[in-house]
file my_file_1.tsv (TSV, C-alpha atoms and all ligand atoms)
chain	number	residue	atom	x	y	z
A	1	MET	CA	6.55	-28.48	16.04
A	2	ALA	CA	5.87	-25.94	13.28
A	3	ASP	CA	4.53	-27.35	10.01
A	4	ASN	CA	6.63	-25.76	7.32
A	5	SER	CA	5.84	-28.29	4.61
A	6	ALA	CA	3.73	-26.20	2.20
A	7	THR	CA	6.18	-23.29	2.29
A	8	ALA	CA	9.07	-25.73	1.96
A	9	ARG	CA	7.62	-27.20	-1.23
A	10	HIS	CA	7.20	-23.74	-2.71
A	11	VAL	CA	10.75	-22.68	-1.80
A	12	ARG	CA	12.22	-25.94	-3.06
A	13	GLN	CA	10.58	-25.42	-6.45
A	14	ALA	CA	11.71	-21.79	-6.77
A	15	LEU	CA	15.27	-22.79	-5.84
A	16	GLY	CA	15.85	-24.86	-8.97
A	17	THR	CA	19.47	-26.03	-8.96
A	18	ARG	CA	20.73	-23.26	-6.68
A	19	SER	CA	22.17	-23.77	-3.22
A	20	ILE	CA	21.06	-22.14	-0.01
A	21	VAL	CA	24.32	-20.95	1.52
A	22	MET	CA	24.48	-20.41	5.27
A	23	VAL	CA	26.85	-17.62	6.31
A	24	GLY	CA	27.69	-15.95	9.61
A	25	MET	CA	29.97	-16.01	12.59
A	26	MET	CA	31.35	-19.07	14.36
A	27	GLY	CA	28.66	-20.28	16.74
A	28	CYS	CA	25.68	-18.71	14.95
A	29	GLY	CA	24.20	-22.14	14.17
A	30	LYS	CA	24.92	-22.47	10.45
A	31	SER	CA	25.37	-26.24	10.56
A	32	ALA	CA	22.64	-27.07	13.08
A	33	ILE	CA	20.05	-24.87	11.36
A	34	GLY	CA	21.33	-25.71	7.88
A	35	ARG	CA	20.93	-29.42	8.51
A	36	ARG	CA	17.31	-28.97	9.62
A	37	LEU	CA	16.59	-26.60	6.75
A	38	ALA	CA	17.90	-29.23	4.31
A	39	ASN	CA	15.69	-31.78	5.97
A	40	ALA	CA	12.61	-29.55	5.65
A	41	LEU	CA	13.39	-29.00	1.96
A	42	ASP	CA	14.30	-32.62	1.32
A	43	LEU	CA	17.71	-31.52	0.08
A	44	LYS	CA	21.20	-32.73	0.91
A	45	PHE	CA	23.17	-30.85	3.54
A	46	VAL	CA	26.85	-30.17	2.94
A	47	ASP	CA	29.26	-28.64	5.43
A	48	ALA	CA	32.13	-26.84	3.68
A	49	ASP	CA	34.45	-27.19	6.70
A	50	ASP	CA	33.97	-30.99	6.69
A	51	GLU	CA	34.72	-31.05	2.97
A	52	ILE	CA	37.87	-28.97	3.45
A	53	GLU	CA	39.06	-31.43	6.10
A	54	LYS	CA	38.31	-34.38	3.81
A	55	ALA	CA	40.13	-32.78	0.87
A	56	ALA	CA	43.17	-31.96	3.01
A	57	GLY	CA	43.15	-35.18	5.04
A	58	MET	CA	43.70	-32.94	8.09
A	59	SER	CA	41.57	-31.17	10.66
A	60	ILE	CA	41.05	-27.41	10.35
A	61	SER	CA	43.19	-26.89	13.46
A	62	GLU	CA	46.00	-28.91	11.85
A	63	ILE	CA	45.72	-26.93	8.60
A	64	PHE	CA	46.00	-23.62	10.50
A	65	GLN	CA	48.85	-24.91	12.65
A	66	GLN	CA	50.93	-26.64	10.02
A	67	LEU	CA	50.15	-24.68	6.85
A	68	GLY	CA	48.79	-21.35	8.06
A	69	GLU	CA	45.53	-19.42	7.66
A	70	GLN	CA	46.27	-18.29	4.11
A	71	HIS	CA	46.60	-21.88	2.98
A	72	PHE	CA	43.29	-22.68	4.68
A	73	ARG	CA	41.58	-19.72	2.97
A	74	ASP	CA	42.86	-20.81	-0.46
A	75	GLY	CA	41.56	-24.33	0.11
A	76	GLU	CA	38.27	-22.96	1.44
A	77	ARG	CA	37.74	-20.88	-1.70
A	78	ARG	CA	38.47	-23.83	-3.99
A	79	VAL	CA	36.31	-26.30	-2.07
A	80	ILE	CA	33.33	-23.91	-1.94
A	81	ALA	CA	33.64	-23.23	-5.69
A	82	ARG	CA	33.50	-26.98	-6.29
A	83	LEU	CA	30.61	-27.54	-3.89
A	84	LEU	CA	28.54	-24.72	-5.40
A	85	ALA	CA	28.42	-26.68	-8.65
A	86	GLY	CA	26.54	-29.42	-6.83
A	87	GLY	CA	23.22	-27.72	-6.07
A	88	PRO	CA	20.45	-27.87	-5.12
A	89	GLN	CA	21.57	-28.29	-1.54
A	90	VAL	CA	21.98	-26.45	1.72
A	91	LEU	CA	25.64	-25.51	2.09
A	92	SER	CA	27.03	-24.38	5.40
A	93	THR	CA	30.23	-22.32	5.21
A	94	GLY	CA	32.89	-21.48	7.80
A	95	GLY	CA	32.63	-18.03	9.39
A	96	GLY	CA	35.38	-16.48	7.26
A	97	ALA	CA	34.39	-17.93	3.89
A	98	TYR	CA	32.01	-15.14	2.84
A	99	MET	CA	34.77	-12.57	3.38
A	100	SER	CA	36.24	-13.63	0.06
A	101	GLU	CA	34.89	-11.46	-2.76
A	102	GLU	CA	35.39	-14.33	-5.17
A	103	THR	CA	33.27	-16.61	-2.99
A	104	ARG	CA	30.56	-13.95	-2.61
A	105	ASP	CA	30.43	-13.62	-6.42
A	106	ARG	CA	30.13	-17.37	-6.82
A	107	VAL	CA	27.39	-17.56	-4.20
A	108	ARG	CA	25.50	-14.76	-5.96
A	109	THR	CA	25.60	-16.75	-9.19
A	110	ALA	CA	24.85	-20.22	-7.87
A	111	GLY	CA	23.05	-19.68	-4.62
A	112	ILE	CA	21.06	-17.71	-2.11
A	113	ALA	CA	22.96	-16.49	0.93
A	114	VAL	CA	21.33	-16.62	4.35
A	115	TRP	CA	23.06	-14.70	7.17
A	116	LEU	CA	22.34	-16.09	10.60
A	117	LYS	CA	22.92	-12.99	12.67
A	118	ALA	CA	23.55	-13.47	16.40
A	119	GLU	CA	24.60	-11.28	19.29
A	120	LEU	CA	28.02	-11.69	20.85
A	121	PRO	CA	26.86	-13.30	24.15
A	122	ILE	CA	25.03	-16.07	22.28
A	123	LEU	CA	28.00	-16.66	20.00
A	124	MET	CA	30.38	-16.80	22.97
A	125	LYS	CA	28.21	-19.25	24.87
A	126	ARG	CA	28.22	-21.57	21.88
A	127	VAL	CA	31.84	-21.32	20.77
A	128	MET	CA	33.19	-21.83	24.28
A	129	ARG	CA	31.59	-25.29	24.41
A	130	ARG	CA	34.28	-26.61	22.08
A	131	ASP	CA	37.97	-26.07	21.63
A	132	ASN	CA	38.15	-26.54	17.86
A	133	ARG	CA	38.49	-23.02	16.50
A	134	PRO	CA	42.05	-21.92	15.80
A	135	LEU	CA	41.12	-18.23	15.54
A	136	LEU	CA	39.96	-18.29	19.17
A	137	LYS	CA	43.13	-19.79	20.61
A	138	THR	CA	44.08	-16.47	22.12
A	139	HIS	CA	44.16	-15.13	25.68
A	140	ASN	CA	40.95	-13.17	25.09
A	141	PRO	CA	38.58	-15.06	22.76
A	142	GLU	CA	35.72	-12.66	23.47
A	143	ALA	CA	37.71	-9.63	22.32
A	144	ARG	CA	38.73	-11.58	19.21
A	145	MET	CA	35.12	-12.50	18.48
A	146	ARG	CA	33.97	-8.90	18.96
A	147	GLU	CA	36.66	-7.72	16.57
A	148	LEU	CA	35.70	-10.32	13.94
A	149	LEU	CA	31.99	-9.53	14.38
A	150	ASP	CA	32.62	-5.81	13.82
A	151	ILE	CA	34.76	-6.39	10.75
A	152	ARG	CA	32.55	-9.04	9.21
A	153	SER	CA	29.00	-7.88	9.92
A	154	PRO	CA	28.85	-5.29	7.08
A	155	ILE	CA	29.96	-8.01	4.67
A	156	TYR	CA	27.57	-10.66	5.99
A	157	ALA	CA	24.88	-8.01	5.47
A	158	GLU	CA	25.38	-8.45	1.70
A	159	ALA	CA	23.60	-11.82	2.04
A	160	ASP	CA	20.20	-12.12	0.35
A	161	ILE	CA	18.36	-12.62	3.59
A	162	THR	CA	19.17	-12.02	7.25
A	163	ILE	CA	17.70	-14.03	10.09
A	164	GLU	CA	18.19	-13.33	13.78
A	165	SER	CA	19.68	-16.48	15.30
A	166	ARG	CA	18.56	-16.62	18.90
A	167	GLU	CA	17.79	-19.11	21.63
A	168	VAL	CA	14.55	-20.55	20.25
A	169	ALA	CA	13.80	-23.99	18.83
A	170	HIS	CA	15.69	-24.64	15.60
A	171	ASP	CA	12.42	-25.29	13.79
A	172	VAL	CA	11.30	-21.73	14.53
A	173	ILE	CA	14.38	-20.37	12.79
A	174	VAL	CA	13.93	-22.82	9.90
A	175	GLY	CA	10.33	-21.61	9.56
A	176	GLU	CA	11.49	-17.99	9.45
A	177	ILE	CA	14.04	-18.76	6.76
A	178	LEU	CA	11.44	-20.57	4.65
A	179	ASN	CA	8.90	-17.76	5.09
A	180	LYS	CA	11.43	-15.12	4.12
A	181	LEU	CA	12.60	-17.09	1.10
A	182	ALA	CA	8.99	-17.57	0.01
A	183	ALA	CA	8.02	-13.92	0.56
A	184	GLN	CA	11.12	-12.49	-1.03
A	185	PRO	CA	12.10	-14.82	-3.86
A	186	VAL	CA	15.65	-14.21	-4.99
A	187	GLU	CA	15.59	-13.97	-8.75
A	188	ARG	CA	18.75	-13.74	-10.78
A	189	PRO	CA	18.86	-12.65	-14.39
A	190	ALA	CA	19.79	-15.57	-16.65
A	191	GLY	CA	23.54	-15.99	-16.77
A	192	ALA	CA	24.16	-13.70	-13.77
B	1	LIG	C1	36.41	-19.69	10.89
B	1	LIG	C2	35.27	-20.40	11.23
B	1	LIG	C3	35.25	-21.87	11.35
B	1	LIG	C4	36.35	-22.49	10.49
B	1	LIG	C5	37.67	-21.88	10.78
B	1	LIG	C6	37.69	-20.37	10.57
B	1	LIG	C7	36.32	-18.22	10.80
B	1	LIG	O1	33.98	-22.38	10.96
B	1	LIG	O2	36.05	-22.34	9.11
B	1	LIG	O3	37.99	-22.18	12.12
B	1	LIG	O4	37.20	-17.61	10.16
B	1	LIG	O5	35.36	-17.64	11.36
B	1	LIG	P1	32.62	-22.17	11.82
B	1	LIG	O6	32.08	-20.82	11.49
B	1	LIG	O7	31.73	-23.27	11.33
B	1	LIG	O8	33.00	-22.33	13.24
call {"tool": "encode", "arguments": {"input": "my_file_1.tsv", "output": "structure tokens"}}
result
Amino acid sequence: MADNSATARHVRQALGTRSIVMVGMMGCGKSAIGRRLANALDLKFVDADDEIEKAAGMSISEIFQQLGEQHFRDGERRVIARLLAGGPQVLSTGGGAYMSEETRDRVRTAGIAVWLKAELPILMKRVMRRDNRPLLKTHNPEARMRELLDIRSPIYAEADITIESREVAHDVIVGEILNKLAAQPVERPAGA
């Protein structure tokens, strides 16, 4: 297992009260990697989708089904705004969250965005393991994913750092994130 502890200490210190915000497509590994990253940094891990479900008292599928996507997006924006006030932490966001300009602005102010970039075949392999994503309840989930990937990638690319999510041990990816954060500290002017 890679020893990331010295780099982790350095990154943790430079982070201050900011959050590391995991962004990227469904299936890119935001929660799995985010949880391990939090562990390496000795920070709490928070999953925005779980918090949205808690706040609504419903599953994401139920919110989409009964109240519609727009309602979900409004709740998502509000919940992420609230969570961002709770740093330092590692915050994993749902695949569509970073599409909101308001959310991107908030992340820029209170966090550092990490895009876990993955190729379509890897994403498909992972998302098809579970049946919990309302956007993929269509006759051709792969076409839907490709469409979302094309639309969203240029926006995910606004993240502070980009990491290729691929089929290697999670610790390898965590190590890459820590190294990139250490080598390329994200400074924000005071009050930005
Ligand atoms: C969505 C991704 C999901 C969840 C919702 C919508 C999206 O989260 O927020 O189903 O728009 O890509 P994950 O990215 O964690 O699967």
call {"tool": "residues_around", "arguments": {"input": "my_file_1.tsv", "residues": "A:Ile80", "least_positions_apart": "6", "cutoff": "8 Å", "atoms": "only C-alpha atoms", "output": "PyMOL selection string"}}
result
chain A and resi 48+93+103
call {"tool": "atom_distance", "arguments": {"input": "my_file_1.tsv", "atom1": "atom CA of A:Leu120", "atom2": "atom C6 of ligand LIG 1 (chain B)"}}
result
16.6 Å
call {"tool": "residues_near_point", "arguments": {"input": "my_file_1.tsv", "point": "(35.3, -23.6, 15.2)", "cutoff": "9 Å", "atoms": "all atoms listed in the file", "output": "ChimeraX atom specification"}}
result
/A:26-27,60-61,94-95,127,130-136
call {"tool": "axis_aligned_box", "arguments": {"input": "my_file_1.tsv", "around": "ligand LIG 1 (chain B)", "padding_each_side": "5 Å", "output": "JSON"}}
result
{"center_x": 34.9, "center_y": -20.4, "center_z": 11.2, "size_x": 16.3, "size_y": 15.7, "size_z": 14.1}
call {"tool": "atom_distance", "arguments": {"input": "my_file_1.tsv", "atom1": "atom CA of A:Pro88", "atom2": "atom CA of A:Ala183"}}
result
19.5 Å
call {"tool": "closest_residue", "arguments": {"input": "my_file_1.tsv", "among": "A:Ser100, A:Ser92, A:Gln66, A:Asn179", "to": "A:Cys28", "atoms": "only C-alpha atoms"}}
result
A:Ser92
call {"tool": "closest_residue", "arguments": {"input": "my_file_1.tsv", "among": "A:Ile155, A:Ile122, A:Ile112, A:Met99", "to": "ligand LIG 1 (chain B)", "atoms": "all atoms listed in the file"}}
result
A:Met99
call {"tool": "closest_residue", "arguments": {"input": "my_file_1.tsv", "among": "A:Lys125, A:Arg108, A:Arg144, A:Lys137", "to": "A:Asp160", "atoms": "only C-alpha atoms"}}
result
A:Arg108
call {"tool": "atom_distance", "arguments": {"input": "my_file_1.tsv", "atom1": "atom CA of A:Asp42", "atom2": "atom CA of A:Ile177"}}
result
14.9 Å
